[in-house]
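Note: the block below is data-v2.tsv and it holds TSV, N, CA and C atoms.
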```tsv
chain	number	residue	atom	x	y	z
A	1221	MET	N	-69.69	3.69	48.03
A	1221	MET	CA	-68.90	4.83	47.61
A	1221	MET	C	-67.48	4.38	47.32
A	1222	GLU	N	-66.98	4.75	46.17
A	1222	GLU	CA	-65.62	4.37	45.79
A	1222	GLU	C	-64.60	5.28	46.42
A	1223	GLN	N	-63.51	4.68	46.81
A	1223	GLN	CA	-62.37	5.40	47.37
A	1223	GLN	C	-61.48	5.87	46.23
A	1224	ASP	N	-61.01	7.11	46.28
A	1224	ASP	CA	-60.06	7.59	45.28
A	1224	ASP	C	-58.67	7.08	45.60
A	1225	LEU	N	-57.88	6.90	44.56
A	1225	LEU	CA	-56.47	6.58	44.75
A	1225	LEU	C	-55.75	7.81	45.27
A	1226	ALA	N	-54.59	7.61	45.89
A	1226	ALA	CA	-53.76	8.70	46.37
A	1226	ALA	C	-52.39	8.59	45.73
A	1227	CYS	N	-51.75	9.73	45.52
A	1227	CYS	CA	-50.39	9.75	44.96
A	1227	CYS	C	-49.47	8.98	45.91
A	1228	ASN	N	-48.64	8.10	45.35
A	1228	ASN	CA	-47.75	7.28	46.15
A	1228	ASN	C	-46.44	7.96	46.49
A	1229	VAL	N	-46.19	9.15	45.95
A	1229	VAL	CA	-44.93	9.84	46.23
A	1229	VAL	C	-44.93	10.28	47.69
A	1230	ASN	N	-43.82	9.99	48.37
A	1230	ASN	CA	-43.66	10.34	49.77
A	1230	ASN	C	-43.93	11.83	49.98
A	1231	LYS	N	-44.69	12.16	50.99
A	1231	LYS	CA	-45.05	13.53	51.38
A	1231	LYS	C	-46.00	14.22	50.41
A	1232	CYS	N	-46.61	13.49	49.48
A	1232	CYS	CA	-47.62	14.09	48.61
A	1232	CYS	C	-48.98	13.58	49.02
A	1233	GLY	N	-49.36	12.40	48.59
A	1233	GLY	CA	-50.63	11.80	48.98
A	1233	GLY	C	-51.86	12.48	48.41
A	1234	ALA	N	-51.68	13.30	47.36
A	1234	ALA	CA	-52.82	13.99	46.75
A	1234	ALA	C	-53.83	12.98	46.22
A	1235	GLN	N	-55.12	13.31	46.34
A	1235	GLN	CA	-56.16	12.46	45.76
A	1235	GLN	C	-56.05	12.50	44.25
A	1236	LEU	N	-56.16	11.34	43.64
A	1236	LEU	CA	-56.07	11.23	42.18
A	1236	LEU	C	-57.49	11.11	41.64
A	1237	THR	N	-57.92	12.12	40.91
A	1237	THR	CA	-59.29	12.11	40.43
A	1237	THR	C	-59.40	12.23	38.91
A	1238	GLY	N	-58.49	12.87	38.24
A	1238	GLY	CA	-58.59	13.06	36.80
A	1238	GLY	C	-57.69	12.12	36.03
A	1239	GLN	N	-56.40	12.35	36.17
A	1239	GLN	CA	-55.38	11.54	35.50
A	1239	GLN	C	-54.31	11.17	36.51
A	1240	ALA	N	-53.61	10.11	36.23
A	1240	ALA	CA	-52.47	9.69	37.04
A	1240	ALA	C	-51.45	9.04	36.14
A	1241	LEU	N	-50.21	9.08	36.56
A	1241	LEU	CA	-49.17	8.31	35.91
A	1241	LEU	C	-49.07	7.01	36.68
A	1242	VAL	N	-49.10	5.90	35.98
A	1242	VAL	CA	-48.99	4.59	36.61
A	1242	VAL	C	-47.70	3.95	36.14
A	1243	THR	N	-46.97	3.37	37.09
A	1243	THR	CA	-45.71	2.71	36.75
A	1243	THR	C	-45.82	1.21	36.98
A	1244	ALA	N	-45.03	0.47	36.26
A	1244	ALA	CA	-44.89	-0.98	36.47
A	1244	ALA	C	-43.45	-1.18	36.95
A	1245	CYS	N	-43.28	-1.18	38.26
A	1245	CYS	CA	-41.92	-1.07	38.80
A	1245	CYS	C	-41.18	-2.37	39.02
A	1246	ARG	N	-41.75	-3.34	39.67
A	1246	ARG	CA	-40.97	-4.54	39.93
A	1246	ARG	C	-41.85	-5.76	39.98
A	1247	SER	N	-41.30	-6.84	39.56
A	1247	SER	CA	-42.03	-8.09	39.60
A	1247	SER	C	-41.78	-8.80	40.91
A	1248	VAL	N	-42.82	-9.27	41.53
A	1248	VAL	CA	-42.73	-10.11	42.71
A	1248	VAL	C	-43.54	-11.34	42.36
A	1249	GLY	N	-42.86	-12.43	42.11
A	1249	GLY	CA	-43.56	-13.59	41.59
A	1249	GLY	C	-44.05	-13.26	40.19
A	1250	ASN	N	-45.34	-13.38	39.95
A	1250	ASN	CA	-45.91	-13.06	38.65
A	1250	ASN	C	-46.58	-11.69	38.62
A	1251	SER	N	-46.60	-10.98	39.75
A	1251	SER	CA	-47.30	-9.69	39.77
A	1251	SER	C	-46.32	-8.54	39.69
A	1252	ILE	N	-46.82	-7.43	39.19
A	1252	ILE	CA	-46.02	-6.22	39.09
A	1252	ILE	C	-46.56	-5.25	40.12
A	1253	LEU	N	-45.69	-4.74	40.97
A	1253	LEU	CA	-46.10	-3.73	41.93
A	1253	LEU	C	-46.01	-2.38	41.25
A	1254	SER	N	-47.12	-1.75	41.10
A	1254	SER	CA	-47.19	-0.49	40.38
A	1254	SER	C	-47.41	0.65	41.35
A	1255	HIS	N	-47.05	1.84	40.91
A	1255	HIS	CA	-47.28	3.03	41.70
A	1255	HIS	C	-48.17	3.99	40.93
A	1256	ALA	N	-48.99	4.72	41.66
A	1256	ALA	CA	-49.85	5.76	41.09
A	1256	ALA	C	-49.27	7.10	41.52
A	1257	ILE	N	-49.05	7.97	40.56
A	1257	ILE	CA	-48.37	9.24	40.81
A	1257	ILE	C	-49.21	10.36	40.23
A	1258	CYS	N	-49.44	11.42	41.02
A	1258	CYS	CA	-50.20	12.56	40.52
A	1258	CYS	C	-49.40	13.24	39.40
A	1259	MET	N	-50.10	13.96	38.56
A	1259	MET	CA	-49.45	14.57	37.39
A	1259	MET	C	-48.48	15.67	37.80
A	1260	ASP	N	-48.71	16.34	38.93
A	1260	ASP	CA	-47.74	17.34	39.41
A	1260	ASP	C	-46.43	16.68	39.78
A	1261	CYS	N	-46.49	15.58	40.54
A	1261	CYS	CA	-45.26	14.85	40.91
A	1261	CYS	C	-44.59	14.25	39.68
A	1262	ALA	N	-45.40	13.73	38.75
A	1262	ALA	CA	-44.84	13.16	37.52
A	1262	ALA	C	-44.05	14.22	36.76
A	1263	SER	N	-44.59	15.42	36.68
A	1263	SER	CA	-43.92	16.51	36.00
A	1263	SER	C	-42.63	16.90	36.73
A	1264	ARG	N	-42.71	17.01	38.06
A	1264	ARG	CA	-41.52	17.37	38.86
A	1264	ARG	C	-40.41	16.34	38.73
A	1265	HIS	N	-40.77	15.09	38.50
A	1265	HIS	CA	-39.77	14.01	38.43
A	1265	HIS	C	-39.40	13.65	36.99
A	1266	GLY	N	-39.72	14.51	36.04
A	1266	GLY	CA	-39.23	14.36	34.68
A	1266	GLY	C	-40.00	13.46	33.76
A	1267	PHE	N	-41.23	13.10	34.10
A	1267	PHE	CA	-42.00	12.21	33.24
A	1267	PHE	C	-42.63	12.91	32.04
A	1268	THR	N	-42.39	14.21	31.89
A	1268	THR	CA	-42.90	14.92	30.72
A	1268	THR	C	-41.92	14.85	29.56
A	1269	SER	N	-40.69	14.44	29.82
A	1269	SER	CA	-39.69	14.31	28.76
A	1269	SER	C	-39.57	12.85	28.34
A	1270	GLN	N	-38.72	12.59	27.37
A	1270	GLN	CA	-38.48	11.21	26.92
A	1270	GLN	C	-37.74	10.43	28.00
A	1271	GLY	N	-38.04	9.13	28.11
A	1271	GLY	CA	-37.38	8.26	29.08
A	1271	GLY	C	-35.92	8.06	28.74
A	1272	PRO	N	-35.19	7.33	29.51
A	1272	PRO	CA	-35.63	6.51	30.64
A	1272	PRO	C	-35.94	7.37	31.86
A	1273	TYR	N	-36.69	6.77	32.80
A	1273	TYR	CA	-37.14	7.47	33.99
A	1273	TYR	C	-36.68	6.72	35.23
A	1274	THR	N	-36.86	7.37	36.37
A	1274	THR	CA	-36.66	6.73	37.67
A	1274	THR	C	-37.94	6.91	38.46
A	1275	CYS	N	-38.48	5.84	38.99
A	1275	CYS	CA	-39.70	5.93	39.78
A	1275	CYS	C	-39.43	6.76	41.03
A	1276	PRO	N	-40.22	7.82	41.27
A	1276	PRO	CA	-40.01	8.64	42.46
A	1276	PRO	C	-40.41	7.94	43.76
A	1277	VAL	N	-41.08	6.80	43.67
A	1277	VAL	CA	-41.51	6.08	44.86
A	1277	VAL	C	-40.46	5.08	45.30
A	1278	CYS	N	-40.00	4.23	44.37
A	1278	CYS	CA	-39.07	3.15	44.73
A	1278	CYS	C	-37.69	3.30	44.11
A	1279	ARG	N	-37.52	4.33	43.29
A	1279	ARG	CA	-36.22	4.64	42.65
A	1279	ARG	C	-35.78	3.59	41.62
A	1280	GLN	N	-36.68	2.76	41.18
A	1280	GLN	CA	-36.33	1.77	40.16
A	1280	GLN	C	-36.29	2.44	38.79
A	1281	PRO	N	-35.29	2.09	37.97
A	1281	PRO	CA	-35.25	2.64	36.60
A	1281	PRO	C	-36.42	2.09	35.77
A	1282	LEU	N	-37.00	2.96	34.95
A	1282	LEU	CA	-38.15	2.60	34.12
A	1282	LEU	C	-37.93	3.08	32.70
A	1283	ASN	N	-38.43	2.32	31.74
A	1283	ASN	CA	-38.44	2.83	30.37
A	1283	ASN	C	-39.88	3.25	30.04
A	1284	GLU	N	-40.08	3.82	28.87
A	1284	GLU	CA	-41.40	4.36	28.51
A	1284	GLU	C	-42.50	3.31	28.54
A	1285	SER	N	-42.19	2.07	28.19
A	1285	SER	CA	-43.24	1.04	28.17
A	1285	SER	C	-43.67	0.62	29.57
A	1286	GLU	N	-42.95	1.05	30.59
A	1286	GLU	CA	-43.30	0.71	31.98
A	1286	GLU	C	-44.03	1.85	32.69
A	1287	THR	N	-44.43	2.86	31.93
A	1287	THR	CA	-45.20	3.98	32.49
A	1287	THR	C	-46.36	4.30	31.57
A	1288	GLY	N	-47.39	4.89	32.12
A	1288	GLY	CA	-48.50	5.31	31.28
A	1288	GLY	C	-49.43	6.25	32.02
A	1289	ARG	N	-49.97	7.21	31.27
A	1289	ARG	CA	-50.99	8.09	31.83
A	1289	ARG	C	-52.32	7.36	31.80
A	1290	GLN	N	-53.03	7.47	32.89
A	1290	GLN	CA	-54.30	6.76	33.01
A	1290	GLN	C	-55.42	7.73	33.33
A	1291	LEU	N	-56.49	7.68	32.54
A	1291	LEU	CA	-57.69	8.44	32.87
A	1291	LEU	C	-58.41	7.73	34.00
A	1292	LEU	N	-58.69	8.43	35.07
A	1292	LEU	CA	-59.31	7.81	36.23
A	1292	LEU	C	-60.83	7.94	36.23
A	1293	ARG	N	-61.35	8.80	35.38
A	1293	ARG	CA	-62.80	8.97	35.21
A	1293	ARG	C	-63.10	8.93	33.70
A	1294	PRO	N	-62.91	7.77	33.07
A	1294	PRO	CA	-63.09	7.70	31.62
A	1294	PRO	C	-64.56	7.88	31.21
A	1295	SER	N	-64.74	8.36	29.99
A	1295	SER	CA	-66.09	8.55	29.46
A	1295	SER	C	-66.73	7.20	29.15
A	1296	GLU	N	-68.03	7.22	29.01
A	1296	GLU	CA	-68.76	6.00	28.64
A	1296	GLU	C	-68.32	5.51	27.26
A	1297	GLU	N	-68.05	6.44	26.36
A	1297	GLU	CA	-67.59	6.07	25.01
A	1297	GLU	C	-66.25	5.33	25.09
A	1298	TRP	N	-65.34	5.83	25.90
A	1298	TRP	CA	-64.02	5.20	26.05
A	1298	TRP	C	-64.19	3.79	26.60
A	1299	LYS	N	-65.04	3.65	27.63
A	1299	LYS	CA	-65.28	2.33	28.22
A	1299	LYS	C	-65.91	1.37	27.22
A	1300	SER	N	-66.68	1.91	26.28
A	1300	SER	CA	-67.36	1.07	25.29
A	1300	SER	C	-66.40	0.48	24.26
A	1301	VAL	N	-65.28	1.14	24.00
A	1301	VAL	CA	-64.42	0.68	22.91
A	1301	VAL	C	-63.04	0.18	23.34
A	1302	ILE	N	-62.61	0.46	24.55
A	1302	ILE	CA	-61.22	0.20	24.91
A	1302	ILE	C	-60.83	-1.28	24.84
A	1303	LEU	N	-61.72	-2.18	25.16
A	1303	LEU	CA	-61.39	-3.60	25.13
A	1303	LEU	C	-62.02	-4.36	23.96
A	1304	CYS	N	-62.75	-3.63	23.11
A	1304	CYS	CA	-63.40	-4.28	21.97
A	1304	CYS	C	-62.37	-4.91	21.04
A	1305	GLY	N	-62.67	-6.09	20.60
A	1305	GLY	CA	-61.78	-6.80	19.67
A	1305	GLY	C	-60.78	-7.70	20.36
A	1306	LEU	N	-60.64	-7.55	21.66
A	1306	LEU	CA	-59.71	-8.42	22.40
A	1306	LEU	C	-60.42	-9.70	22.80
A	1307	SER	N	-59.67	-10.77	22.87
A	1307	SER	CA	-60.26	-12.06	23.26
A	1307	SER	C	-60.68	-12.01	24.73
A	1308	PRO	N	-61.64	-12.84	25.10
A	1308	PRO	CA	-62.04	-12.89	26.51
A	1308	PRO	C	-60.86	-13.19	27.44
A	1309	THR	N	-59.91	-13.98	26.99
A	1309	THR	CA	-58.74	-14.29	27.81
A	1309	THR	C	-57.94	-13.02	28.11
A	1310	VAL	N	-57.72	-12.19	27.10
A	1310	VAL	CA	-56.97	-10.95	27.28
A	1310	VAL	C	-57.76	-9.98	28.15
A	1311	VAL	N	-59.06	-9.89	27.92
A	1311	VAL	CA	-59.91	-9.00	28.73
A	1311	VAL	C	-59.84	-9.40	30.20
A	1312	MET	N	-59.95	-10.69	30.49
A	1312	MET	CA	-59.90	-11.16	31.88
A	1312	MET	C	-58.52	-10.94	32.49
A	1313	GLU	N	-57.47	-11.12	31.70
A	1313	GLU	CA	-56.12	-10.86	32.19
A	1313	GLU	C	-55.96	-9.38	32.56
A	1314	CYS	N	-56.46	-8.50	31.70
A	1314	CYS	CA	-56.41	-7.06	31.98
A	1314	CYS	C	-57.21	-6.73	33.24
A	1315	ALA	N	-58.40	-7.30	33.35
A	1315	ALA	CA	-59.25	-7.05	34.52
A	1315	ALA	C	-58.57	-7.55	35.80
A	1316	GLY	N	-57.97	-8.71	35.73
A	1316	GLY	CA	-57.26	-9.26	36.90
A	1316	GLY	C	-56.11	-8.38	37.33
A	1317	ARG	N	-55.35	-7.89	36.38
A	1317	ARG	CA	-54.23	-6.99	36.72
A	1317	ARG	C	-54.73	-5.67	37.30
A	1318	ALA	N	-55.82	-5.17	36.74
A	1318	ALA	CA	-56.38	-3.91	37.24
A	1318	ALA	C	-56.89	-4.09	38.68
A	1319	LEU	N	-57.53	-5.21	38.96
A	1319	LEU	CA	-58.02	-5.47	40.32
A	1319	LEU	C	-56.86	-5.67	41.29
A	1320	SER	N	-55.80	-6.32	40.85
A	1320	SER	CA	-54.61	-6.49	41.70
A	1320	SER	C	-53.99	-5.13	42.02
A	1321	PHE	N	-53.92	-4.25	41.02
A	1321	PHE	CA	-53.38	-2.91	41.22
A	1321	PHE	C	-54.24	-2.16	42.24
A	1322	TRP	N	-55.56	-2.20	42.06
A	1322	TRP	CA	-56.47	-1.50	42.97
A	1322	TRP	C	-56.33	-2.02	44.40
A	1323	SER	N	-56.29	-3.34	44.55
A	1323	SER	CA	-56.14	-3.95	45.87
A	1323	SER	C	-54.83	-3.53	46.53
A	1324	TYR	N	-53.75	-3.54	45.78
A	1324	TYR	CA	-52.44	-3.13	46.30
A	1324	TYR	C	-52.49	-1.66	46.75
A	1325	GLN	N	-53.09	-0.81	45.93
A	1325	GLN	CA	-53.17	0.62	46.27
A	1325	GLN	C	-54.01	0.84	47.54
A	1326	MET	N	-55.14	0.18	47.63
A	1326	MET	CA	-56.01	0.36	48.81
A	1326	MET	C	-55.33	-0.17	50.07
A	1327	THR	N	-54.65	-1.31	49.98
A	1327	THR	CA	-53.91	-1.86	51.12
A	1327	THR	C	-52.82	-0.89	51.55
A	1328	ASN	N	-52.12	-0.34	50.58
A	1328	ASN	CA	-51.06	0.62	50.87
A	1328	ASN	C	-51.63	1.87	51.55
A	1329	GLN	N	-52.75	2.38	51.05
A	1329	GLN	CA	-53.35	3.56	51.65
A	1329	GLN	C	-53.83	3.28	53.07
A	1330	MET	N	-54.39	2.10	53.30
A	1330	MET	CA	-54.84	1.75	54.65
A	1330	MET	C	-53.67	1.66	55.62
A	1331	SER	N	-52.54	1.10	55.17
A	1331	SER	CA	-51.39	0.96	56.06
A	1331	SER	C	-50.80	2.33	56.40
A	1332	VAL	N	-50.92	3.29	55.49
A	1332	VAL	CA	-50.45	4.64	55.76
A	1332	VAL	C	-51.36	5.33	56.78
A	1333	LEU	N	-52.67	5.09	56.69
A	1333	LEU	CA	-53.64	5.75	57.57
A	1333	LEU	C	-53.77	5.09	58.94
A	1334	LYS	N	-53.39	3.84	59.07
A	1334	LYS	CA	-53.60	3.11	60.32
A	1334	LYS	C	-52.99	3.81	61.54
A	1335	PRO	N	-51.73	4.30	61.50
A	1335	PRO	CA	-51.19	4.97	62.68
A	1335	PRO	C	-52.00	6.20	63.10
A	1336	PHE	N	-52.53	6.95	62.13
A	1336	PHE	CA	-53.35	8.12	62.46
A	1336	PHE	C	-54.66	7.70	63.11
A	1337	PHE	N	-55.25	6.63	62.63
A	1337	PHE	CA	-56.49	6.12	63.20
A	1337	PHE	C	-56.27	5.68	64.64
A	1338	LEU	N	-55.17	4.95	64.88
A	1338	LEU	CA	-54.88	4.49	66.24
A	1338	LEU	C	-54.62	5.66	67.18
A	1339	LEU	N	-53.94	6.68	66.71
A	1339	LEU	CA	-53.70	7.88	67.51
A	1339	LEU	C	-55.02	8.57	67.83
A	1340	PHE	N	-55.90	8.67	66.85
A	1340	PHE	CA	-57.21	9.28	67.05
A	1340	PHE	C	-58.00	8.55	68.12
A	1341	ILE	N	-57.98	7.23	68.08
A	1341	ILE	CA	-58.69	6.42	69.07
A	1341	ILE	C	-58.13	6.66	70.46
A	1342	GLN	N	-56.81	6.78	70.58
A	1342	GLN	CA	-56.19	7.00	71.88
A	1342	GLN	C	-56.56	8.38	72.44
A	1343	LEU	N	-56.70	9.36	71.56
A	1343	LEU	CA	-57.00	10.72	72.02
A	1343	LEU	C	-58.44	10.86	72.48
A	1344	PHE	N	-59.32	10.05	71.93
A	1344	PHE	CA	-60.74	10.19	72.27
A	1344	PHE	C	-61.20	8.93	72.89
```

Rewrite the structure from the file as structure tokens, please.
Amino acid sequence: MEQDLACNVNKCGAQLTGQALVTACRSVGNSILSHAICMDCASRHGFTSQGPYTCPVCRQPLNESETGRQLLRPSEEWKSVILCGLSPTVVMECAGRALSFWSYQMTNQMSVLKPFFLLFIQLF
């Protein structure tokens, strides 16, 4: 069973199931630490207008090329054509970045939940 992403905005944490705004906020070495933001938070923080923007998670300034709406449940047709025509090198680079993003998000979600889990264990 796949785990859904959660909004990274402090005090939100909504499950992301349809669409999300994804940011490319800062480089650490060769990787970009990105944030996933629910569309309600994106709207509240001004992402519906023209950039520049400020990431509501880390407060880093962003331009339009560093943000994007992402379909989280894409159709089979979309999956069939999105990477067509790209070289295997580019496809693998995209896949690697996507897996790094997913791993970062899951690690972040686990670290947020860990104190609650430990409290639950102590209570029972």

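Picture a line from atom N of Gln1325 of chain A to atom CA of Met1259 of chain A; it runs 18.0 Å.
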
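A search radius of 5 Å centred on (-42.2, 10.0, 39.0), applied to all atoms listed in the file, returns the residues A:Cys1261, A:Ala1262, A:His1265, A:Cys1275, A:Pro1276.
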
What are the closest atom pairs, with distances in Å to one decimal, for each residue of segment 1271-1342 of chain A lying within 7 Å of segment 1226-1246 of chain A, using only C-alpha atoms, rows by chain and rising residue number, as CSV?
```
residue,atom,partner,partner_atom,distance
A:Pro1276,CA,A:Val1229,CA,6.3
A:Val1277,CA,A:Val1229,CA,5.3
A:Gln1280,CA,A:Cys1245,CA,6.4
A:Glu1286,CA,A:Ala1244,CA,5.1
A:Thr1287,CA,A:Thr1243,CA,4.5
A:Gly1288,CA,A:Val1242,CA,5.4
A:Arg1289,CA,A:Leu1241,CA,4.5
A:Gln1290,CA,A:Ala1240,CA,5.3
A:Leu1291,CA,A:Gln1239,CA,4.7
A:Leu1292,CA,A:Gly1238,CA,5.3
A:Arg1293,CA,A:Gly1238,CA,6.1
```

Enumerate the residues of chain A with a DSSP assignment of strand (DSSP E), computed from the backbone, and present them as a ChimeraX atom specification. /A:1225-1226,1235-1236,1239-1248,1251-1257,1273-1274,1281-1282,1287-1291

So that I can check the secondary structure, give me every residue of chain A assigned alpha helix (DSSP H) by backbone DSSP, as a ChimeraX atom specification. /A:1259-1264,1296-1301,1308-1343

How many Å lie between atom C of Cys1314 of chain A and atom N of Leu1253 of chain A, rounded to one decimal?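 We find that atom C of Cys1314 of chain A and atom N of Leu1253 of chain A lie 14.0 Å from each other.
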
Determine, counting only C-alpha atoms, every residue of protein, DNA or RNA that lies within 12 Å of (-59.8, -5.5, 27.5) in the file coordinates, then give the result as a PyMOL selection string. chain A and resi 1298-1318

Could the residues in this selection be written to a file with N, CA and C atoms, as a PDB file, in the frame of the given file?
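Everything below was put into selection_29.pdb:
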```pdb
ATOM      1  N   TRP A1298     -65.340   5.830  25.900  1.00  0.00           N
ATOM      2  CA  TRP A1298     -64.020   5.200  26.050  1.00  0.00           C
ATOM      3  C   TRP A1298     -64.190   3.790  26.600  1.00  0.00           C
ATOM      4  N   LYS A1299     -65.040   3.650  27.630  1.00  0.00           N
ATOM      5  CA  LYS A1299     -65.280   2.330  28.220  1.00  0.00           C
ATOM      6  C   LYS A1299     -65.910   1.370  27.220  1.00  0.00           C
ATOM      7  N   SER A1300     -66.680   1.910  26.280  1.00  0.00           N
ATOM      8  CA  SER A1300     -67.360   1.070  25.290  1.00  0.00           C
ATOM      9  C   SER A1300     -66.400   0.480  24.260  1.00  0.00           C
ATOM     10  N   VAL A1301     -65.280   1.140  24.000  1.00  0.00           N
ATOM     11  CA  VAL A1301     -64.420   0.680  22.910  1.00  0.00           C
ATOM     12  C   VAL A1301     -63.040   0.180  23.340  1.00  0.00           C
ATOM     13  N   ILE A1302     -62.610   0.460  24.550  1.00  0.00           N
ATOM     14  CA  ILE A1302     -61.220   0.200  24.910  1.00  0.00           C
ATOM     15  C   ILE A1302     -60.830  -1.280  24.840  1.00  0.00           C
ATOM     16  N   LEU A1303     -61.720  -2.180  25.160  1.00  0.00           N
ATOM     17  CA  LEU A1303     -61.390  -3.600  25.130  1.00  0.00           C
ATOM     18  C   LEU A1303     -62.020  -4.360  23.960  1.00  0.00           C
ATOM     19  N   CYS A1304     -62.750  -3.630  23.110  1.00  0.00           N
ATOM     20  CA  CYS A1304     -63.400  -4.280  21.970  1.00  0.00           C
ATOM     21  C   CYS A1304     -62.370  -4.910  21.040  1.00  0.00           C
ATOM     22  N   GLY A1305     -62.670  -6.090  20.600  1.00  0.00           N
ATOM     23  CA  GLY A1305     -61.780  -6.800  19.670  1.00  0.00           C
ATOM     24  C   GLY A1305     -60.780  -7.700  20.360  1.00  0.00           C
ATOM     25  N   LEU A1306     -60.640  -7.550  21.660  1.00  0.00           N
ATOM     26  CA  LEU A1306     -59.710  -8.420  22.400  1.00  0.00           C
ATOM     27  C   LEU A1306     -60.420  -9.700  22.800  1.00  0.00           C
ATOM     28  N   SER A1307     -59.670 -10.770  22.870  1.00  0.00           N
ATOM     29  CA  SER A1307     -60.260 -12.060  23.260  1.00  0.00           C
ATOM     30  C   SER A1307     -60.680 -12.010  24.730  1.00  0.00           C
ATOM     31  N   PRO A1308     -61.640 -12.840  25.100  1.00  0.00           N
ATOM     32  CA  PRO A1308     -62.040 -12.890  26.510  1.00  0.00           C
ATOM     33  C   PRO A1308     -60.860 -13.190  27.440  1.00  0.00           C
ATOM     34  N   THR A1309     -59.910 -13.980  26.990  1.00  0.00           N
ATOM     35  CA  THR A1309     -58.740 -14.290  27.810  1.00  0.00           C
ATOM     36  C   THR A1309     -57.940 -13.020  28.110  1.00  0.00           C
ATOM     37  N   VAL A1310     -57.720 -12.190  27.100  1.00  0.00           N
ATOM     38  CA  VAL A1310     -56.970 -10.950  27.280  1.00  0.00           C
ATOM     39  C   VAL A1310     -57.760  -9.980  28.150  1.00  0.00           C
ATOM     40  N   VAL A1311     -59.060  -9.890  27.920  1.00  0.00           N
ATOM     41  CA  VAL A1311     -59.910  -9.000  28.730  1.00  0.00           C
ATOM     42  C   VAL A1311     -59.840  -9.400  30.200  1.00  0.00           C
ATOM     43  N   MET A1312     -59.950 -10.690  30.490  1.00  0.00           N
ATOM     44  CA  MET A1312     -59.900 -11.160  31.880  1.00  0.00           C
ATOM     45  C   MET A1312     -58.520 -10.940  32.490  1.00  0.00           C
ATOM     46  N   GLU A1313     -57.470 -11.120  31.700  1.00  0.00           N
ATOM     47  CA  GLU A1313     -56.120 -10.860  32.190  1.00  0.00           C
ATOM     48  C   GLU A1313     -55.960  -9.380  32.560  1.00  0.00           C
ATOM     49  N   CYS A1314     -56.460  -8.500  31.700  1.00  0.00           N
ATOM     50  CA  CYS A1314     -56.410  -7.060  31.980  1.00  0.00           C
ATOM     51  C   CYS A1314     -57.210  -6.730  33.240  1.00  0.00           C
ATOM     52  N   ALA A1315     -58.400  -7.300  33.350  1.00  0.00           N
ATOM     53  CA  ALA A1315     -59.250  -7.050  34.520  1.00  0.00           C
ATOM     54  C   ALA A1315     -58.570  -7.550  35.800  1.00  0.00           C
ATOM     55  N   GLY A1316     -57.970  -8.710  35.730  1.00  0.00           N
ATOM     56  CA  GLY A1316     -57.260  -9.260  36.900  1.00  0.00           C
ATOM     57  C   GLY A1316     -56.110  -8.380  37.330  1.00  0.00           C
ATOM     58  N   ARG A1317     -55.350  -7.890  36.380  1.00  0.00           N
ATOM     59  CA  ARG A1317     -54.230  -6.990  36.720  1.00  0.00           C
ATOM     60  C   ARG A1317     -54.730  -5.670  37.300  1.00  0.00           C
ATOM     61  N   ALA A1318     -55.820  -5.170  36.740  1.00  0.00           N
ATOM     62  CA  ALA A1318     -56.380  -3.910  37.240  1.00  0.00           C
ATOM     63  C   ALA A1318     -56.890  -4.090  38.680  1.00  0.00           C
TER      64      ALA A1318
END
```

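Nearest to Ala1256 of chain A of all the residues A:Leu1225, A:Thr1327, A:Gln1270, A:Ser1320 is A:Leu1225, based on only N, CA and C atoms.
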
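The spacing separating atom CA of Ser1269 of chain A from atom CA of Leu1282 of chain A amounts to 13.0 Å.
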